[in-house]
Every structure is written in C-alpha cells, then in structure tokens.
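Asks: Can you read through this structure? Questions will come right after.
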Amino acid sequence: MNMSTYYHYHNTAIGNLLLAGDGDYLSLLGFPSGKMQRRHESDWIEDAAPFKQVCSQLDAYFAMELREFNLSLMPKGTAFQEGVWQALTEIPYGETWSYGQLAAHIGKPNASRAVGAANGINPIPVIIPCHRVIGISGKLTGFGGGLKTKQYLLALESEEPISCFELSSA
C-alpha cells in the first residue's frame, strides 16, 4: 500500500513553514532555514486542504489566541524519541524546562543528552514545543529553526512578542 504524502507551505511570523502529512495526520513541520530546514520531496502532492485546521491553529497561536494545539499528529521516530516528543507537549505554555528536567519527567534522569538529541530532531516543532527546552544555565541552546526563531517563540509565549528583526543575535 503506497500512502501519499501531501504538503503545503504556510506563511507565519517565523517564515514559510512546510507542513506535510498523509491527509489525516501531520507528520512534519519544516522551517524555512536553520538545521531543520525542510523542503517538499518530488513525489509529494501539493494540497492545502488537509492542512486547514493546522493553518488555522498556527495562525491563532501566532496571534496569541491559542496556547495549546489540538491536532492529529504522527511524528515518526523510535519509542524513546516519541516518548520525549510526547513529554514536550506537557511543558506548559510560557514555561521552559531544562533538558535535565525533561529527562527526569520521562523517568530517565541520567538521559539528558539523549533527550537533547531526540528534542533536536523533533519532526513537528512549534506544535510539539521543543523550543520550550533550554540549557540548565537558562541559556538558549540549539534550535532547528535557528536561535532567533526560538527567541521569538519564547517571547511570544511570554506575551512580549518581538519582531524577528528586533532579535539580538544569540
């Protein structure tokens, strides 16, 4: 059985985000730049229709009208990675956790490096809020969409939104 992958680019405050999935579930959100920059593949089908709800919720999030996404997601990874990604959704809006706190939360207090690695390849950032994880010192650490994007998302959630162009280079 060959499952089709649909995609759509949605313009947001942090750029044109690639959305991809099977028509029922979102499996990828790609940034326009940074180490998690993504582009559609040649055999994917361009169609905005499967992403109406995703786009609507992203728009509400960036307008500071939505704090929690309610979407059908299907991130693909190992059982450990998927457990980390599930735990990310439990970090409250507007809060940050360290990698150690996240590791302890999933019952693996000595696995902060592995948690960091799983966090770094989260296939659905923003919606699965990996931007809410910071270094133990409180320092912003790597982010697939770039540190300016992470800084923007954290500022948005602290209800002190700033333009991407106002960001200091971290």
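So you can find residues: chains in the structure tokens are A, B, ... in the order shown, residues in each start at 1, and ligands are numbered from 1 in order.
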Using only C-alpha atoms, determine which residues lie at most 10 Å from stretch 57-61 of chain A, disregarding the query and same-chain residues fewer than 2 positions distant; provide the list as JSON, numbers by chain.
Replies: {"A": [10, 11, 12, 13, 51, 52, 53, 54, 55, 63, 64, 65, 66, 67, 68, 69, 70, 71, 126, 127, 153, 156, 157]}
Asks: Leaving out A:Ile121 and any residue of its chain fewer than 2 positions from it, which residues lie within 10 Å of it when counting only C-alpha atoms, given as an NGL selection string?
Replies: :A and (35-36 or 77 or 81 or 85 or 116-119 or 123-125 or 130 or 143-144)
Asks: Within 7 Å of A:Gly94, counting only C-alpha atoms, which residues show up once you throw out same-chain ones fewer than 2 positions away? Write them as a ChimeraX atom specification, please.
Replies: /A:92,96,154,157-158
Asks: Which residues come within 8 Å of A:Gln151, counting only C-alpha atoms, excluding same-chain residues fewer than 3 positions away, as an MDAnalysis selection string?
Replies: chainID A and resid 140 147:148 154:155 167
Asks: My list of candidates is A:Ile91, A:Ala104, A:Leu19, A:Val84. Which is closest to A:Asn122 when distances are computed with only C-alpha atoms?
Replies: A:Val84
Asks: List every residue of stretch 16-72 of chain A that DSSP, applied to the backbone, labels as strand (DSSP E or B), and write the result as a list of chain:residue names.
Replies: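 Across stretch 16-72 of chain A, those assigned strand (DSSP E or B) are A:Asn16, A:Leu17, A:Leu18, A:Leu19, A:Ala20, A:Gly21, A:Leu26, A:Ser27, A:Leu28, A:Leu29, A:Gly30, A:Phe31, A:Gln37, A:Ile45, A:Glu46.
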Asks: Using backbone DSSP assignments, extract all helix (DSSP H, G or I) residues from stretch 24-156 of chain A; output them as a PyMOL selection string.
Replies: chain A and resi 49-62+79-88+99-105+112-120+130-132+147-156
Asks: Would you kindly return, as a PDB file with all heavy atoms, in the first residue's frame, each protein, DNA or RNA residue with an atom no farther than 10 Å from any atom of A:Ser4, considering only C-alpha atoms and excluding same-chain residues fewer than 3 positions away?
Replies:
```
ATOM      1  N   MET A   1       0.849  -1.181   0.000  1.00  0.00           N
ATOM      2  CA  MET A   1       0.000   0.000   0.000  1.00  0.00           C
ATOM      3  C   MET A   1       0.894   1.245   0.000  1.00  0.00           C
ATOM      4  O   MET A   1       1.725   1.421   0.872  1.00  0.00           O
ATOM      5  CB  MET A   1      -0.883  -0.033   1.258  1.00  0.00           C
ATOM      6  CG  MET A   1      -1.813   1.142   1.349  1.00  0.00           C
ATOM      7  SD  MET A   1      -3.009   0.908   2.661  1.00  0.00           S
ATOM      8  CE  MET A   1      -2.190   1.746   4.003  1.00  0.00           C
ATOM      9  N   TYR A   7       1.551  18.059   1.014  1.00  0.00           N
ATOM     10  CA  TYR A   7       2.296  19.151   1.638  1.00  0.00           C
ATOM     11  C   TYR A   7       1.684  20.497   1.288  1.00  0.00           C
ATOM     12  O   TYR A   7       0.928  20.631   0.317  1.00  0.00           O
ATOM     13  CB  TYR A   7       3.777  19.110   1.236  1.00  0.00           C
ATOM     14  CG  TYR A   7       4.059  19.622  -0.162  1.00  0.00           C
ATOM     15  CD1 TYR A   7       4.439  20.955  -0.370  1.00  0.00           C
ATOM     16  CD2 TYR A   7       3.949  18.789  -1.269  1.00  0.00           C
ATOM     17  CE1 TYR A   7       4.704  21.418  -1.651  1.00  0.00           C
ATOM     18  CE2 TYR A   7       4.215  19.252  -2.551  1.00  0.00           C
ATOM     19  CZ  TYR A   7       4.586  20.568  -2.731  1.00  0.00           C
ATOM     20  OH  TYR A   7       4.844  21.033  -3.986  1.00  0.00           O
ATOM     21  N   GLY A  21       2.026  15.605   5.597  1.00  0.00           N
ATOM     22  CA  GLY A  21       1.337  14.503   6.267  1.00  0.00           C
ATOM     23  C   GLY A  21       0.608  13.651   5.261  1.00  0.00           C
ATOM     24  O   GLY A  21       0.693  13.869   4.045  1.00  0.00           O
ATOM     25  N   ASP A  22      -0.158  12.686   5.794  1.00  0.00           N
ATOM     26  CA  ASP A  22      -0.835  11.715   4.929  1.00  0.00           C
ATOM     27  C   ASP A  22      -2.262  12.124   4.573  1.00  0.00           C
ATOM     28  O   ASP A  22      -2.993  11.359   3.951  1.00  0.00           O
ATOM     29  CB  ASP A  22      -0.819  10.329   5.579  1.00  0.00           C
ATOM     30  CG  ASP A  22      -1.650  10.242   6.857  1.00  0.00           C
ATOM     31  OD1 ASP A  22      -2.301  11.238   7.248  1.00  0.00           O
ATOM     32  OD2 ASP A  22      -1.638   9.156   7.476  1.00  0.00           O
ATOM     33  N   GLY A  23      -2.670  13.308   4.964  1.00  0.00           N
ATOM     34  CA  GLY A  23      -4.035  13.764   4.702  1.00  0.00           C
ATOM     35  C   GLY A  23      -4.888  13.724   5.954  1.00  0.00           C
ATOM     36  O   GLY A  23      -5.860  14.463   6.069  1.00  0.00           O
ATOM     37  N   ASP A  43       7.966  13.535  -4.968  1.00  0.00           N
ATOM     38  CA  ASP A  43       6.785  12.674  -5.117  1.00  0.00           C
ATOM     39  C   ASP A  43       5.640  13.065  -4.177  1.00  0.00           C
ATOM     40  O   ASP A  43       4.614  12.395  -4.128  1.00  0.00           O
ATOM     41  CB  ASP A  43       7.161  11.200  -4.932  1.00  0.00           C
ATOM     42  CG  ASP A  43       7.736  10.901  -3.556  1.00  0.00           C
ATOM     43  OD1 ASP A  43       8.221  11.834  -2.875  1.00  0.00           O
ATOM     44  OD2 ASP A  43       7.707   9.721  -3.161  1.00  0.00           O
ATOM     45  N   TRP A  44       5.788  14.165  -3.435  1.00  0.00           N
ATOM     46  CA  TRP A  44       4.714  14.626  -2.562  1.00  0.00           C
ATOM     47  C   TRP A  44       3.698  15.428  -3.376  1.00  0.00           C
ATOM     48  O   TRP A  44       4.024  16.008  -4.407  1.00  0.00           O
ATOM     49  CB  TRP A  44       5.262  15.502  -1.449  1.00  0.00           C
ATOM     50  CG  TRP A  44       6.127  14.782  -0.451  1.00  0.00           C
ATOM     51  CD1 TRP A  44       6.507  13.467  -0.472  1.00  0.00           C
ATOM     52  CD2 TRP A  44       6.733  15.351   0.705  1.00  0.00           C
ATOM     53  NE1 TRP A  44       7.308  13.195   0.608  1.00  0.00           N
ATOM     54  CE2 TRP A  44       7.467  14.332   1.351  1.00  0.00           C
ATOM     55  CE3 TRP A  44       6.748  16.624   1.264  1.00  0.00           C
ATOM     56  CZ2 TRP A  44       8.184  14.547   2.520  1.00  0.00           C
ATOM     57  CZ3 TRP A  44       7.451  16.843   2.425  1.00  0.00           C
ATOM     58  CH2 TRP A  44       8.159  15.810   3.054  1.00  0.00           C
ATOM     59  N   ILE A  45       2.466  15.463  -2.894  1.00  0.00           N
ATOM     60  CA  ILE A  45       1.358  16.111  -3.589  1.00  0.00           C
ATOM     61  C   ILE A  45       1.035  17.438  -2.895  1.00  0.00           C
ATOM     62  O   ILE A  45       0.735  17.452  -1.699  1.00  0.00           O
ATOM     63  CB  ILE A  45       0.122  15.190  -3.588  1.00  0.00           C
ATOM     64  CG1 ILE A  45       0.466  13.852  -4.264  1.00  0.00           C
ATOM     65  CG2 ILE A  45      -1.070  15.882  -4.236  1.00  0.00           C
ATOM     66  CD1 ILE A  45      -0.508  12.733  -3.945  1.00  0.00           C
TER      67      ILE A  45
END
```
Asks: In Å to one decimal, how far is atom CA of A:Gly30 from atom CA of A:Leu18?
Replies: 4.7 Å
Asks: For atom CA of A:Val115 and atom CA of A:Gly135, determine how far apart the two atoms are, in Å to one decimal place.
Replies: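 Separation between atom CA of A:Val115 and atom CA of A:Gly135: 12.0 Å.
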Asks: Using only C-alpha atoms for the distances, tell me which of A:Ala20, A:Glu159, A:Tyr6, A:Arg132 is nearest to A:Met74.
Replies: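 Going through A:Ala20, A:Glu159, A:Tyr6, A:Arg132 one by one, the smallest distance to A:Met74 is for A:Ala20.
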Asks: Give me, as a list in words, all polymer residues having an atom no more than 9 Å from A:Ile14, counting only C-alpha atoms and skipping those fewer than 5 positions away in the same chain.
Replies: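 Within the cut-off, the hits are Phe31, Pro32, Gly145, Thr149, Tyr152, Leu153 and Cys164 of chain A.
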Asks: Store the residues picked out above in a file with N, CA, C and O atoms, as a CSV table (one decimal), in the first residue's frame.
Replies:
```csv
chain,number,residue,atom,x,y,z
A,31,PHE,N,11.1,24.1,8.9
A,31,PHE,CA,11.5,25.5,8.9
A,31,PHE,C,12.0,26.0,7.6
A,31,PHE,O,12.6,25.2,6.8
A,32,PRO,N,11.9,27.3,7.3
A,32,PRO,CA,12.5,27.8,6.0
A,32,PRO,C,14.0,27.9,6.1
A,32,PRO,O,14.7,28.0,5.1
A,145,GLY,N,15.1,25.7,14.0
A,145,GLY,CA,14.8,26.8,13.2
A,145,GLY,C,15.7,28.0,13.4
A,145,GLY,O,15.4,29.1,12.9
A,149,THR,N,14.6,32.3,15.9
A,149,THR,CA,13.2,31.7,15.9
A,149,THR,C,12.8,31.3,17.3
A,149,THR,O,11.7,31.5,17.8
A,152,TYR,N,12.1,34.2,19.4
A,152,TYR,CA,10.8,34.8,19.0
A,152,TYR,C,9.7,34.0,19.7
A,152,TYR,O,8.8,34.6,20.2
A,153,LEU,N,9.7,32.6,19.6
A,153,LEU,CA,8.7,31.8,20.1
A,153,LEU,C,8.5,31.9,21.6
A,153,LEU,O,7.4,32.0,22.2
A,164,CYS,N,10.9,39.5,14.5
A,164,CYS,CA,12.1,38.7,14.2
A,164,CYS,C,13.3,39.6,13.9
A,164,CYS,O,14.4,39.3,14.1
```
Asks: State, in Å with one decimal place, the distance from atom CA of A:Leu73 to atom CA of A:Ala87.
Replies: 14.1 Å
